[in-house]
Amino acid sequence: MLTVIRAYWTWIAAVGLLALLACLREIYRAQRSRVQTIFGLERELAATREARARLTMLAILVLLAALALLRYGIVPSYPLPPLLQPTATQIFIPLPTSTPVTPTPTRTRIPTRPRPTSVQVSETPTSTAGPAPPCSQPGVCITFPAPGQVVTGQITIRGTASIDAFQFYKVEYGLGEEPQQWHSIGDMQRTPVVSGVLGEWNTSGFPAGAVRLRLTVVDTSGNFPPPHEVRVVAQP
């Protein structure tokens with residue numbers, strides 16, 4: 001419900017204002033009818049209409065105030081994790097399969113990787129060995145750029161954002177080793193992605209240094225697994 005309020009707050013406020021204007025118009029018409037009529041019954045009906053319009057306007061004001069409190073006072077920048085996370089059991093299920101699988105090809109292919117001793121040696125292990133170990137959950141994973149990779153210009157962020165009861169995902173970035181602020185890359189996406197493009201990121205103008213990417217995937221109940229973060233290095 002909090003997500004719905006945040007997403008459609010503008011429409012809710014607009015409908016509420018239109019309803020208030022309708023109530024004010026009804027009050028004005030009832031007062032005018034009560035003044036102009038000479039019959040007692042019509043005056044009573046006009047007074048009843050005016051009282052009903054006033055009560056309706058009061059109810060709308062209370063409802064708008066409560067929704068505004070939820071929108072600006074309670075709803076955070078992203079949903080708070082509840083104490084009970086139904087996806088917590090999934091964290092331990094893929095670990096036995098992903099942990100032994102990734103070291104096996106890495107260790108067997110290590111003798112073939114040191115062939116080039118140039119700068120490409122650092123890029124090859126980060127692109128192949130980087131995505132698998134940090135992804136504790138296969139449904140929340142950034143596979144490109146890899147941890148420690150140098151990024152510049154336009155970057156295509158790839159990975160997977162798909163959990164049970166999927167609602168939306170968002171990709172953010174923060175400057176520094178421990179960002180104090182996070183900035184969205186594009187809008188919230190309401191279509192799950194499996195081993196595909198998560199978004200486009202323009203790093204032009206970024207100061208040289210560490211930058212952290214964060215992927216958050218939220219389900220329909222507002223729950224979400226721990227976000228996946230990747231540390232990259234921006235190069236102007």
# chains A, B, ... in the order shown; residues from 1 in each chain; ligands from 1
$ residues_around --residues "Gly209 (chain A)" --least-positions-apart "6" --cutoff "10 Å" --atoms "only C-alpha atoms" --output "list in words"
Val150, Leu175, Gly176, Glu177, Val232, Val233, Ala234, Gln235 and Pro236 of chain A
$ write_last_selection --atoms "N, CA and C atoms" --output "CSV table (one decimal), in the first residue's frame"
chain,number,residue,atom,x,y,z
A,150,VAL,N,37.5,-0.8,-14.3
A,150,VAL,CA,37.6,0.7,-14.6
A,150,VAL,C,36.5,1.0,-15.6
A,175,LEU,N,29.1,7.6,-4.7
A,175,LEU,CA,30.5,7.9,-4.9
A,175,LEU,C,31.3,7.6,-3.6
A,176,GLY,N,32.5,7.0,-3.8
A,176,GLY,CA,33.3,6.7,-2.6
A,176,GLY,C,33.3,5.3,-2.2
A,177,GLU,N,34.1,4.9,-1.3
A,177,GLU,CA,34.2,3.6,-0.7
A,177,GLU,C,32.9,3.3,0.1
A,232,VAL,N,33.3,-0.3,-8.5
A,232,VAL,CA,34.1,-0.1,-9.7
A,232,VAL,C,34.9,1.2,-9.5
A,233,VAL,N,35.8,1.4,-10.5
A,233,VAL,CA,36.7,2.6,-10.5
A,233,VAL,C,36.3,3.5,-11.6
A,234,ALA,N,35.9,4.7,-11.4
A,234,ALA,CA,35.6,5.7,-12.4
A,234,ALA,C,36.9,6.3,-12.9
A,235,GLN,N,37.0,6.5,-14.2
A,235,GLN,CA,38.2,7.1,-14.9
A,235,GLN,C,37.7,8.2,-15.8
A,236,PRO,N,37.9,9.5,-15.6
A,236,PRO,CA,37.4,10.5,-16.5
A,236,PRO,C,37.9,10.3,-17.9
$ residues_around --residues "region 41-55 of chain A" --least-positions-apart "5" --cutoff "7 Å" --atoms "only C-alpha atoms" --output "ChimeraX atom specification"
/A:23,26-27,30-31,33-34
$ closest_residue --among "A:Lys170, A:Arg6, A:Arg212, A:Arg158" --to "Ser195 (chain A)" --atoms "only C-alpha atoms"
A:Arg158
$ closest_residue --among "A:Val211, A:Val35, A:Ala65, A:Ile60" --to "Ala22 (chain A)" --atoms "only C-alpha atoms"
A:Ile60
$ closest_residue --among "A:Val194, A:Val230, A:Val140, A:Ala161" --to "Glu178 (chain A)" --atoms "only C-alpha atoms"
A:Val230
$ atom_distance --atom1 "CA of Arg190 (chain A)" --atom2 "CA of Thr220 (chain A)"
10.8 Å
$ atom_distance --atom1 "CA of Gly40 (chain A)" --atom2 "CA of Thr56 (chain A)"
24.4 Å
$ residues_around --residues "region 180-183 of chain A" --least-positions-apart "3" --cutoff "12 Å" --atoms "only C-alpha atoms" --output "ChimeraX atom specification"
/A:77-78,170-177,186-187,201,211-216,229
$ closest_residue --among "A:Gln154, A:Tyr72, A:Leu63, A:Phe224" --to "Val15 (chain A)" --atoms "only C-alpha atoms"
A:Leu63
$ atom_distance --atom1 "CA of Glu200 (chain A)" --atom2 "CA of Thr156 (chain A)"
4.7 Å
